[in-house]
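Each remark here refers to the structure printed beneath this line.
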Amino acid sequence: MKIGAAYIRVSTEDQIEFSPDSQIKKIKEYAKSNDIVLPEEFIFIDEGISGKYAKKRPGFMKMIGIAKTKPKPFDLILVWKFSRFARNRQDSIVYKSMLRKDFNIDVISITEQLSNDPTSILIEALLEAMDEYYSINLAQEVKRGMNEKFSRGGVVTSPPFGYKMGKDRFEVDDKRAQIVKMIFNDFITGMGVRQIAIKLNDMGIRSKHDNTFENRTVEYILSNPVYIGKLRRNLNGVDKHDRFHRGEDVVLVDGKHSPIIDPKTFENVQQMFLDLKKRYTKNARNTYTDFMLRGLVRCSNCGSTLTQAVKGKSLQCHKYARGQCNKSHSISLAKINEAVLKMLQNDMDKGELDIAIKETKDDSVKDVSEILLKKEYVKLERIKLAYENEIDSIDEYRLNKTKILERIKQLEKQISKPEVDKTSIQNKFKKNLKDAIIKLKLTDLSENEKNEILRSFISKIVFHRDNNTIQTYYYV
């Protein structure tokens with residue numbers, strides 16, 4: 001009597017295959033009639049998973065892992081059809097060969113019986129080829145159908161942050177839509193994606209997958225045309241290198257859903273992204289080494305970036321070097337580094353700096369805070385009930401209450417929206433400037449780290465060659 005294992009797989013795209021229970025029933029009947037013992041712990045199931053790649057099937061990989069243990073746990077693996085084992089011939093050959101040669105474990109299909117005759121090898125190979133053809137053909141048909149549905153404005157993906165799934169279209173999720181508006185407004189008024197991510201996380205907001213926000217999460221939202229009523233799709237399939245779907249193969253169509261952001265705002269945000277990327281132009285990147293002022297210093301004559309020259313010892317307008325600017329702006333890198341640090345120190349010592357403070361009339365922050373405030377009051381009631389029902393101790397109740405009340409205090413402060421205190425902002429900026437100067441003078445900081453510090457509050461530095469002066473443009 002032999003010990004057997006069973007592998008059952010049901011994929012979402014198959015409509016004619018047996019259910020897991022049906023496959024188990026048939027396999028158990030086969031095992032019983034062929035004197036095979038089938039322990040429950042050796043029944044492995046992958047439900048709703050494609051058979052294209054073995055490594056993406058946890059049940060399958062668990063079975064293979066157990067099969068490698070010593071002493072040999074089972075003598076054979078029973079499947080309903082060979083297509084359940086694998087729909088990829090390479091996977092099928094690799095794993096079947098390994099099981100047979102290294103562990104003397106056979107894979108048996110209970111509905112596709114093969115004899116010990118040498119021709120059975122050809123038959124098995126033919127069955128595997130047919131299964132792989134079916135899988136590839138099915139994938140192409142599904143892709144074709146999805147592309148056709150998409151071209152008509154139909155939904156073929158899960159709803160993005162700010163929407164929920166309706167009957168045949170995305171529907172606005174009122175609570176998260178307010179957060180989307182806040183993200184766009186914050187970016188428009190000068191806040192970077194990193195600062196927006198920090199703000200969202202501090203407010204206790206989570207992404208659509210309930211994760212904390214990252215720079216790329218925020219940028220993905222800001223660059224997604226779904227928020228102006230559009231749908232986008234790469235008709236040739238997913239391009240892993242095109243994270244933000246900006247490639248040439250990406251197609252836009254009008255969706256059936258309501259927009260959250262107006263087209264003008266969205267267009268302005270995309271232009272701002274282009275402007276930001278120009279800071280790290282091709283010419284600014286292709287330099288000898290990293291340097292503190294990389295991408296920040298501009299030519300006063302043509303506005304182009306000054307890049308490294310003379311083996312990285314000086315800067316020069318890259319358009320001048322190409323004959324496109326008629327005025328040289330060559331300056332020693334050490335000299336301009338010193339001049340910038342001196343300028344920062346002088347600006348810090350001034351009574352008042354010329355900083356444009358952008359204000360917003362948008363109420364999205366207030367709206368989001370009000371939504372979150374309601375949730376905190378609900379939490380307050382819940383912990384009170386938990387204490388009254390003796391689920392939480394008095395110490396636990398006090399601790400939770402303190403945390404929630406502190407959170408309520410912060411949200412109420414955000415809702416109150418106090419008047420902009422320009423003096424306070426000036427003082428805060430000067431303090432940050434002072435801290436930045438101290439850091440920039442440290443010898444253990446890399447040039448790239450210094451560059452990031454400068455970029456956090458400087459938009460550009462214009463070098464005037466005529467009088468060897470620099471002009472710094474700050475932003476908050």
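Naming works like this for the structure tokens: A, B, ... for the chains as they're shown, residue 1 at the start of each chain, ligands 1 onward in shown order.
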
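Using only C-alpha atoms, the protein and nucleic acid residues lying no more than 9 Å from A:Lys313, apart from those fewer than 2 places from it along its own chain, are A:Gln308, A:Ala309, A:Val310, A:Lys311, A:Leu315, A:Ile331, A:Ser332, A:Leu333, A:Ala334.
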
Based on the selection just made, write N, CA, C and O atoms of those residues as a short mmCIF file (atom, residue, chain, number, x, y, z; two decimals), in the first residue's frame.
```cif
data_model
loop_
_atom_site.label_atom_id
_atom_site.label_comp_id
_atom_site.auth_asym_id
_atom_site.auth_seq_id
_atom_site.Cartn_x
_atom_site.Cartn_y
_atom_site.Cartn_z
N GLN A 308 29.07 70.71 -14.16
CA GLN A 308 30.50 70.61 -13.87
C GLN A 308 31.35 70.68 -15.13
O GLN A 308 30.96 70.15 -16.18
N ALA A 309 32.48 71.30 -15.00
CA ALA A 309 33.44 71.40 -16.11
C ALA A 309 34.84 71.31 -15.52
O ALA A 309 35.01 71.28 -14.30
N VAL A 310 35.83 71.24 -16.41
CA VAL A 310 37.24 71.15 -16.00
C VAL A 310 37.42 70.05 -14.95
O VAL A 310 37.88 70.28 -13.82
N LYS A 311 36.98 68.85 -15.33
CA LYS A 311 37.11 67.67 -14.47
C LYS A 311 36.44 67.85 -13.11
O LYS A 311 36.95 67.38 -12.08
N LEU A 315 32.07 75.16 -12.53
CA LEU A 315 30.75 75.07 -13.15
C LEU A 315 30.71 75.96 -14.38
O LEU A 315 31.39 76.98 -14.43
N ILE A 331 32.75 79.41 -13.18
CA ILE A 331 33.12 79.80 -11.82
C ILE A 331 33.63 78.57 -11.09
O ILE A 331 33.16 77.44 -11.30
N SER A 332 34.62 78.78 -10.25
CA SER A 332 35.18 77.69 -9.45
C SER A 332 34.10 77.10 -8.53
O SER A 332 33.33 77.84 -7.91
N LEU A 333 34.05 75.78 -8.47
CA LEU A 333 33.05 75.11 -7.63
C LEU A 333 33.27 75.47 -6.16
O LEU A 333 32.32 75.73 -5.42
N ALA A 334 34.51 75.51 -5.74
CA ALA A 334 34.83 75.85 -4.34
C ALA A 334 34.40 77.29 -4.04
O ALA A 334 33.86 77.58 -2.96
#
```

(request) Please provide the set of residues having any atom within 6 Å of A:Lys430, restricted to only C-alpha atoms, with same-chain residues fewer than 3 positions apart removed, written as number ranges by chain. (result) A: 348, 427, 433

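Excluding A:Asn448 itself and same-chain residues fewer than 5 positions from it, the residues having an atom within 12 Å of it are Arg285, Thr289, Asp290, Phe291, Met292, Leu293, Arg294, Gly295, Leu440, Ile453, Leu454 and Arg455 of chain A, counting only C-alpha atoms.
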
Keeping only N, CA and C atoms, write the selected residues to a file as a PDB file, in the first residue's frame.
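Full text of again-v7.pdb as output:
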```pdb
ATOM      1  N   ARG A 285      22.434  65.816 -14.388  1.00  0.00           N
ATOM      2  CA  ARG A 285      22.730  64.487 -13.839  1.00  0.00           C
ATOM      3  C   ARG A 285      24.056  63.948 -14.354  1.00  0.00           C
ATOM      4  N   THR A 289      30.903  64.066 -10.593  1.00  0.00           N
ATOM      5  CA  THR A 289      30.558  63.526  -9.275  1.00  0.00           C
ATOM      6  C   THR A 289      29.371  64.313  -8.723  1.00  0.00           C
ATOM      7  N   ASP A 290      28.812  63.817  -7.627  1.00  0.00           N
ATOM      8  CA  ASP A 290      27.774  64.599  -6.956  1.00  0.00           C
ATOM      9  C   ASP A 290      28.410  65.845  -6.342  1.00  0.00           C
ATOM     10  N   PHE A 291      27.663  66.947  -6.357  1.00  0.00           N
ATOM     11  CA  PHE A 291      28.150  68.152  -5.687  1.00  0.00           C
ATOM     12  C   PHE A 291      26.970  68.881  -5.067  1.00  0.00           C
ATOM     13  N   MET A 292      27.259  69.664  -4.062  1.00  0.00           N
ATOM     14  CA  MET A 292      26.240  70.273  -3.209  1.00  0.00           C
ATOM     15  C   MET A 292      25.201  71.080  -3.992  1.00  0.00           C
ATOM     16  N   LEU A 293      25.617  71.774  -5.032  1.00  0.00           N
ATOM     17  CA  LEU A 293      24.733  72.686  -5.772  1.00  0.00           C
ATOM     18  C   LEU A 293      24.170  72.056  -7.048  1.00  0.00           C
ATOM     19  N   ARG A 294      24.250  70.752  -7.156  1.00  0.00           N
ATOM     20  CA  ARG A 294      23.796  70.065  -8.377  1.00  0.00           C
ATOM     21  C   ARG A 294      22.370  70.440  -8.754  1.00  0.00           C
ATOM     22  N   GLY A 295      22.187  70.964  -9.969  1.00  0.00           N
ATOM     23  CA  GLY A 295      20.863  71.272 -10.499  1.00  0.00           C
ATOM     24  C   GLY A 295      20.236  72.545  -9.955  1.00  0.00           C
ATOM     25  N   LEU A 440      25.206  71.826   6.658  1.00  0.00           N
ATOM     26  CA  LEU A 440      25.982  71.963   5.422  1.00  0.00           C
ATOM     27  C   LEU A 440      27.475  72.105   5.678  1.00  0.00           C
ATOM     28  N   ILE A 453      19.308  68.849   1.285  1.00  0.00           N
ATOM     29  CA  ILE A 453      18.998  69.872   2.291  1.00  0.00           C
ATOM     30  C   ILE A 453      18.681  71.202   1.601  1.00  0.00           C
ATOM     31  N   LEU A 454      19.528  71.599   0.651  1.00  0.00           N
ATOM     32  CA  LEU A 454      19.317  72.862  -0.056  1.00  0.00           C
ATOM     33  C   LEU A 454      18.008  72.853  -0.844  1.00  0.00           C
ATOM     34  N   ARG A 455      17.705  71.738  -1.461  1.00  0.00           N
ATOM     35  CA  ARG A 455      16.484  71.640  -2.271  1.00  0.00           C
ATOM     36  C   ARG A 455      15.215  71.715  -1.424  1.00  0.00           C
TER      37      ARG A 455
END
```

What parts of stretch 289-447 of chain A does DSSP call helix (DSSP H, G or I)? I'd like the answer as an MDAnalysis selection string. chainID A and resid 318:321 333:349 364:388 394:416 422:440 447

Export C-alpha atoms of the chosen residues as a tab-separated table (two decimals), in the first residue's frame?
```
chain	number	residue	atom	x	y	z
A	318	HIS	CA	25.86	73.82	-20.34
A	319	LYS	CA	24.29	75.78	-23.23
A	320	TYR	CA	27.39	77.98	-23.44
A	321	ALA	CA	29.54	74.86	-23.68
A	333	LEU	CA	33.05	75.11	-7.63
A	334	ALA	CA	34.83	75.85	-4.34
A	335	LYS	CA	34.24	79.59	-4.83
A	336	ILE	CA	30.50	79.33	-5.48
A	337	ASN	CA	30.06	76.84	-2.63
A	338	GLU	CA	31.63	79.38	-0.31
A	339	ALA	CA	29.51	82.20	-1.76
A	340	VAL	CA	26.26	80.27	-1.26
A	341	LEU	CA	27.06	79.44	2.37
A	342	LYS	CA	27.97	83.08	2.99
A	343	MET	CA	24.72	84.21	1.34
A	344	LEU	CA	22.68	81.84	3.52
A	345	GLN	CA	24.39	83.17	6.63
A	346	ASN	CA	23.75	86.79	5.61
A	347	ASP	CA	20.08	86.06	4.84
A	348	MET	CA	19.66	84.39	8.21
A	349	ASP	CA	21.00	87.52	9.94
A	364	SER	CA	-10.27	70.07	1.97
A	365	VAL	CA	-7.96	69.91	5.02
A	366	LYS	CA	-10.82	71.05	7.25
A	367	ASP	CA	-13.22	68.56	5.63
A	368	VAL	CA	-10.81	65.64	6.10
A	369	SER	CA	-10.09	66.66	9.69
A	370	GLU	CA	-13.81	66.80	10.47
A	371	ILE	CA	-14.28	63.27	9.10
A	372	LEU	CA	-11.36	62.00	11.18
A	373	LEU	CA	-12.64	63.88	14.24
A	374	LYS	CA	-15.97	62.04	14.06
A	375	LYS	CA	-14.09	58.74	13.96
A	376	GLU	CA	-12.14	59.68	17.10
A	377	TYR	CA	-15.36	60.46	18.99
A	378	VAL	CA	-16.73	57.06	17.94
A	379	LYS	CA	-13.53	55.46	19.29
A	380	LEU	CA	-14.03	57.38	22.54
A	381	GLU	CA	-17.49	55.82	22.96
A	382	ARG	CA	-16.18	52.37	22.13
A	383	ILE	CA	-13.41	52.37	24.73
A	384	LYS	CA	-15.91	53.64	27.29
A	385	LEU	CA	-18.21	50.70	26.52
A	386	ALA	CA	-15.23	48.33	26.65
A	387	TYR	CA	-14.43	49.57	30.16
A	388	GLU	CA	-18.06	49.46	31.33
A	394	ILE	CA	-9.19	51.10	34.24
A	395	ASP	CA	-5.51	51.60	33.29
A	396	GLU	CA	-6.16	50.52	29.70
A	397	TYR	CA	-9.17	52.83	29.52
A	398	ARG	CA	-7.17	55.80	30.84
A	399	LEU	CA	-4.30	55.17	28.41
A	400	ASN	CA	-6.59	54.83	25.38
A	401	LYS	CA	-8.64	57.86	26.43
A	402	THR	CA	-5.53	60.03	26.77
A	403	LYS	CA	-4.35	59.07	23.27
A	404	ILE	CA	-7.74	59.74	21.68
A	405	LEU	CA	-8.21	63.08	23.47
A	406	GLU	CA	-4.78	64.22	22.29
A	407	ARG	CA	-5.72	63.22	18.76
A	408	ILE	CA	-9.02	65.13	19.06
A	409	LYS	CA	-7.12	68.21	20.24
A	410	GLN	CA	-4.82	68.07	17.18
A	411	LEU	CA	-7.74	67.67	14.76
A	412	GLU	CA	-9.73	70.49	16.32
A	413	LYS	CA	-6.68	72.71	15.93
A	414	GLN	CA	-6.54	71.84	12.22
A	415	ILE	CA	-10.24	72.58	11.81
A	416	SER	CA	-10.00	75.97	13.52
A	422	LYS	CA	3.79	85.61	8.74
A	423	THR	CA	6.16	86.59	11.56
A	424	SER	CA	5.96	83.08	12.98
A	425	ILE	CA	6.60	81.57	9.56
A	426	GLN	CA	9.59	83.89	9.05
A	427	ASN	CA	11.04	82.90	12.42
A	428	LYS	CA	10.46	79.22	11.77
A	429	PHE	CA	12.06	79.49	8.32
A	430	LYS	CA	15.09	81.27	9.75
A	431	LYS	CA	15.45	78.59	12.41
A	432	ASN	CA	15.34	75.90	9.71
A	433	LEU	CA	17.86	77.94	7.70
A	434	LYS	CA	20.17	78.08	10.72
A	435	ASP	CA	19.92	74.31	11.20
A	436	ALA	CA	20.61	73.80	7.49
A	437	ILE	CA	23.75	75.96	7.60
A	438	ILE	CA	25.11	73.94	10.53
A	439	LYS	CA	24.46	70.67	8.67
A	440	LEU	CA	25.98	71.96	5.42
A	447	GLU	CA	27.45	66.07	-1.31
```

9 Å contact set for A:Phe60, only C-alpha atoms, chain neighbours under 5 positions out, as a compact mmCIF listing (two decimals) with all heavy atoms, in the first residue's frame:
```
# COMPACT_ATOMS: atom_id res chain seq x y z
N TYR A 7 -3.04 17.16 -4.98
CA TYR A 7 -2.92 18.59 -5.26
C TYR A 7 -4.16 19.03 -6.02
O TYR A 7 -4.48 18.48 -7.08
CB TYR A 7 -1.66 18.91 -6.06
CG TYR A 7 -1.57 20.38 -6.38
CD1 TYR A 7 -1.41 21.31 -5.35
CD2 TYR A 7 -1.71 20.84 -7.68
CE1 TYR A 7 -1.37 22.68 -5.63
CE2 TYR A 7 -1.66 22.20 -7.96
CZ TYR A 7 -1.50 23.12 -6.93
OH TYR A 7 -1.47 24.45 -7.20
N ILE A 8 -4.84 20.03 -5.46
CA ILE A 8 -6.08 20.55 -6.06
C ILE A 8 -5.88 22.03 -6.35
O ILE A 8 -5.43 22.79 -5.50
CB ILE A 8 -7.29 20.37 -5.11
CG1 ILE A 8 -7.66 18.89 -5.00
CG2 ILE A 8 -8.49 21.16 -5.58
CD1 ILE A 8 -6.98 18.16 -3.89
N ARG A 9 -6.20 22.41 -7.57
CA ARG A 9 -6.13 23.84 -7.93
C ARG A 9 -7.36 24.23 -8.73
O ARG A 9 -7.78 23.53 -9.63
CB ARG A 9 -4.89 24.13 -8.78
CG ARG A 9 -4.77 25.61 -9.17
CD ARG A 9 -3.52 25.89 -10.01
NE ARG A 9 -3.56 25.18 -11.28
CZ ARG A 9 -4.22 25.62 -12.35
NH1 ARG A 9 -4.92 26.75 -12.28
NH2 ARG A 9 -4.19 24.94 -13.47
N PHE A 44 -3.23 19.28 -0.60
CA PHE A 44 -2.79 20.66 -0.80
C PHE A 44 -3.71 21.35 -1.81
O PHE A 44 -4.00 20.80 -2.87
CB PHE A 44 -1.35 20.69 -1.30
CG PHE A 44 -0.39 19.95 -0.40
CD1 PHE A 44 -0.08 18.61 -0.66
CD2 PHE A 44 0.17 20.57 0.70
CE1 PHE A 44 0.79 17.91 0.15
CE2 PHE A 44 1.05 19.88 1.53
CZ PHE A 44 1.35 18.54 1.26
N ILE A 45 -4.15 22.56 -1.45
CA ILE A 45 -5.15 23.26 -2.28
C ILE A 45 -4.69 24.69 -2.58
O ILE A 45 -4.22 25.40 -1.70
CB ILE A 45 -6.52 23.31 -1.57
CG1 ILE A 45 -7.02 21.88 -1.27
CG2 ILE A 45 -7.54 24.05 -2.43
CD1 ILE A 45 -8.31 21.86 -0.46
N ASP A 46 -4.83 25.08 -3.84
CA ASP A 46 -4.68 26.47 -4.28
C ASP A 46 -5.97 26.86 -4.96
O ASP A 46 -6.29 26.34 -6.04
CB ASP A 46 -3.51 26.64 -5.25
CG ASP A 46 -2.16 26.66 -4.55
OD1 ASP A 46 -2.07 27.33 -3.50
OD2 ASP A 46 -1.21 26.02 -5.04
N ALA A 54 4.46 28.37 -10.97
CA ALA A 54 4.42 27.53 -9.76
C ALA A 54 4.76 28.31 -8.50
O ALA A 54 4.16 28.10 -7.44
CB ALA A 54 5.40 26.37 -9.93
N LYS A 55 5.71 29.25 -8.59
CA LYS A 55 6.17 29.97 -7.40
C LYS A 55 5.11 30.89 -6.81
O LYS A 55 5.25 31.36 -5.69
CB LYS A 55 7.44 30.76 -7.73
CG LYS A 55 8.66 29.86 -7.97
CD LYS A 55 9.91 30.67 -8.21
CE LYS A 55 11.12 29.75 -8.40
NZ LYS A 55 12.36 30.51 -8.65
N GLY A 65 7.96 21.42 -0.96
CA GLY A 65 8.86 21.50 0.19
C GLY A 65 8.78 20.26 1.06
O GLY A 65 9.81 19.72 1.51
N PHE A 85 -1.69 20.44 -12.18
CA PHE A 85 -0.32 20.45 -11.65
C PHE A 85 0.44 21.67 -12.18
O PHE A 85 1.11 22.37 -11.42
CB PHE A 85 0.39 19.16 -12.05
CG PHE A 85 1.76 19.00 -11.42
CD1 PHE A 85 1.90 18.58 -10.11
CD2 PHE A 85 2.91 19.29 -12.16
CE1 PHE A 85 3.16 18.44 -9.54
CE2 PHE A 85 4.16 19.16 -11.60
CZ PHE A 85 4.29 18.73 -10.28
```

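Residue nearest A:Ile470 within the list A:Leu252, A:Ile196, A:Met203, A:Leu296: A:Leu296 [criterion: smallest interatomic distance, only C-alpha atoms].
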
- Item | Contacts of A:Phe213 at 9 Å (only C-alpha atoms; same-chain gap of 3+ positions) as a count of residues only | 11

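Between atom CA of A:Leu76 and atom CA of A:Asp106 there is a distance of 4.7 Å.
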
Skipping near chain neighbours, those fewer than 3 positions away, what residues fall within 12 Å of A:Lys208 using only C-alpha atoms, listed as a VMD selection string?
chain A and resid 158 to 164 173 176 to 177 179 to 180 205 211 to 213 217 to 218 221

For the residues in the current selection, export N, CA and C atoms as a PDB file, in the first residue's frame.
```pdb
ATOM      1  N   SER A 158      -9.479  47.503 -10.297  1.00  0.00           N
ATOM      2  CA  SER A 158     -10.080  47.851  -9.006  1.00  0.00           C
ATOM      3  C   SER A 158     -10.090  49.365  -8.846  1.00  0.00           C
ATOM      4  N   PRO A 159     -11.012  49.905  -8.059  1.00  0.00           N
ATOM      5  CA  PRO A 159     -11.109  51.367  -7.918  1.00  0.00           C
ATOM      6  C   PRO A 159      -9.887  51.952  -7.216  1.00  0.00           C
ATOM      7  N   PRO A 160      -9.415  53.110  -7.652  1.00  0.00           N
ATOM      8  CA  PRO A 160      -8.284  53.764  -6.996  1.00  0.00           C
ATOM      9  C   PRO A 160      -8.729  54.465  -5.717  1.00  0.00           C
ATOM     10  N   PHE A 161      -7.762  54.979  -4.973  1.00  0.00           N
ATOM     11  CA  PHE A 161      -8.043  55.706  -3.742  1.00  0.00           C
ATOM     12  C   PHE A 161      -8.962  56.883  -4.063  1.00  0.00           C
ATOM     13  N   GLY A 162     -10.072  56.994  -3.314  1.00  0.00           N
ATOM     14  CA  GLY A 162     -11.032  58.062  -3.554  1.00  0.00           C
ATOM     15  C   GLY A 162     -12.301  57.594  -4.239  1.00  0.00           C
ATOM     16  N   TYR A 163     -12.274  56.338  -4.711  1.00  0.00           N
ATOM     17  CA  TYR A 163     -13.448  55.759  -5.368  1.00  0.00           C
ATOM     18  C   TYR A 163     -13.774  54.397  -4.766  1.00  0.00           C
ATOM     19  N   LYS A 164     -15.007  53.941  -4.991  1.00  0.00           N
ATOM     20  CA  LYS A 164     -15.418  52.589  -4.641  1.00  0.00           C
ATOM     21  C   LYS A 164     -16.094  51.980  -5.867  1.00  0.00           C
ATOM     22  N   ASP A 173     -16.040  57.901  -3.400  1.00  0.00           N
ATOM     23  CA  ASP A 173     -16.037  57.640  -1.960  1.00  0.00           C
ATOM     24  C   ASP A 173     -15.879  59.006  -1.280  1.00  0.00           C
ATOM     25  N   ARG A 176     -12.874  59.660   1.231  1.00  0.00           N
ATOM     26  CA  ARG A 176     -11.534  59.636   0.646  1.00  0.00           C
ATOM     27  C   ARG A 176     -11.379  60.661  -0.470  1.00  0.00           C
ATOM     28  N   ALA A 177     -12.492  61.039  -1.097  1.00  0.00           N
ATOM     29  CA  ALA A 177     -12.430  62.070  -2.146  1.00  0.00           C
ATOM     30  C   ALA A 177     -11.932  63.391  -1.552  1.00  0.00           C
ATOM     31  N   ILE A 179      -9.856  63.651   0.856  1.00  0.00           N
ATOM     32  CA  ILE A 179      -8.415  63.486   1.069  1.00  0.00           C
ATOM     33  C   ILE A 179      -7.670  63.708  -0.248  1.00  0.00           C
ATOM     34  N   VAL A 180      -8.236  63.192  -1.337  1.00  0.00           N
ATOM     35  CA  VAL A 180      -7.632  63.401  -2.664  1.00  0.00           C
ATOM     36  C   VAL A 180      -7.556  64.900  -2.976  1.00  0.00           C
ATOM     37  N   ILE A 205      -4.206  58.622   8.215  1.00  0.00           N
ATOM     38  CA  ILE A 205      -4.839  58.185   6.962  1.00  0.00           C
ATOM     39  C   ILE A 205      -3.997  57.080   6.343  1.00  0.00           C
ATOM     40  N   ASN A 211      -2.032  50.685   3.837  1.00  0.00           N
ATOM     41  CA  ASN A 211      -0.620  50.877   4.139  1.00  0.00           C
ATOM     42  C   ASN A 211      -0.354  52.365   4.408  1.00  0.00           C
ATOM     43  N   THR A 212       0.790  52.658   4.993  1.00  0.00           N
ATOM     44  CA  THR A 212       1.172  54.059   5.170  1.00  0.00           C
ATOM     45  C   THR A 212       1.534  54.645   3.804  1.00  0.00           C
ATOM     46  N   PHE A 213       1.444  55.956   3.700  1.00  0.00           N
ATOM     47  CA  PHE A 213       1.740  56.611   2.433  1.00  0.00           C
ATOM     48  C   PHE A 213       3.241  56.772   2.240  1.00  0.00           C
ATOM     49  N   THR A 217       3.401  56.749  -3.540  1.00  0.00           N
ATOM     50  CA  THR A 217       1.939  56.637  -3.408  1.00  0.00           C
ATOM     51  C   THR A 217       1.285  57.968  -3.704  1.00  0.00           C
ATOM     52  N   VAL A 218       1.867  59.023  -3.164  1.00  0.00           N
ATOM     53  CA  VAL A 218       1.322  60.364  -3.378  1.00  0.00           C
ATOM     54  C   VAL A 218       1.476  60.770  -4.837  1.00  0.00           C
ATOM     55  N   ILE A 221      -1.111  59.158  -7.087  1.00  0.00           N
ATOM     56  CA  ILE A 221      -2.422  59.822  -7.014  1.00  0.00           C
ATOM     57  C   ILE A 221      -2.405  61.117  -7.820  1.00  0.00           C
TER      58      ILE A 221
END
```

Among A:Cys325, A:Glu219, A:Asp466, A:Lys56, A:Val193 is approached most closely, using only C-alpha atoms, by A:Glu219

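Between A:Leu276 and the residues A:Thr69, A:Phe170, A:Ile108, A:Gly190, the shortest atom-to-atom distance, using only C-alpha atoms, involves A:Gly190.
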
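Our summary of the geometry notes that atom CA of A:Phe273 is positioned 13.2 Å from atom CA of A:Thr189.
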
Computed gap from atom CA of A:Ser456 to atom CA of A:Lys327 is 29.8 Å
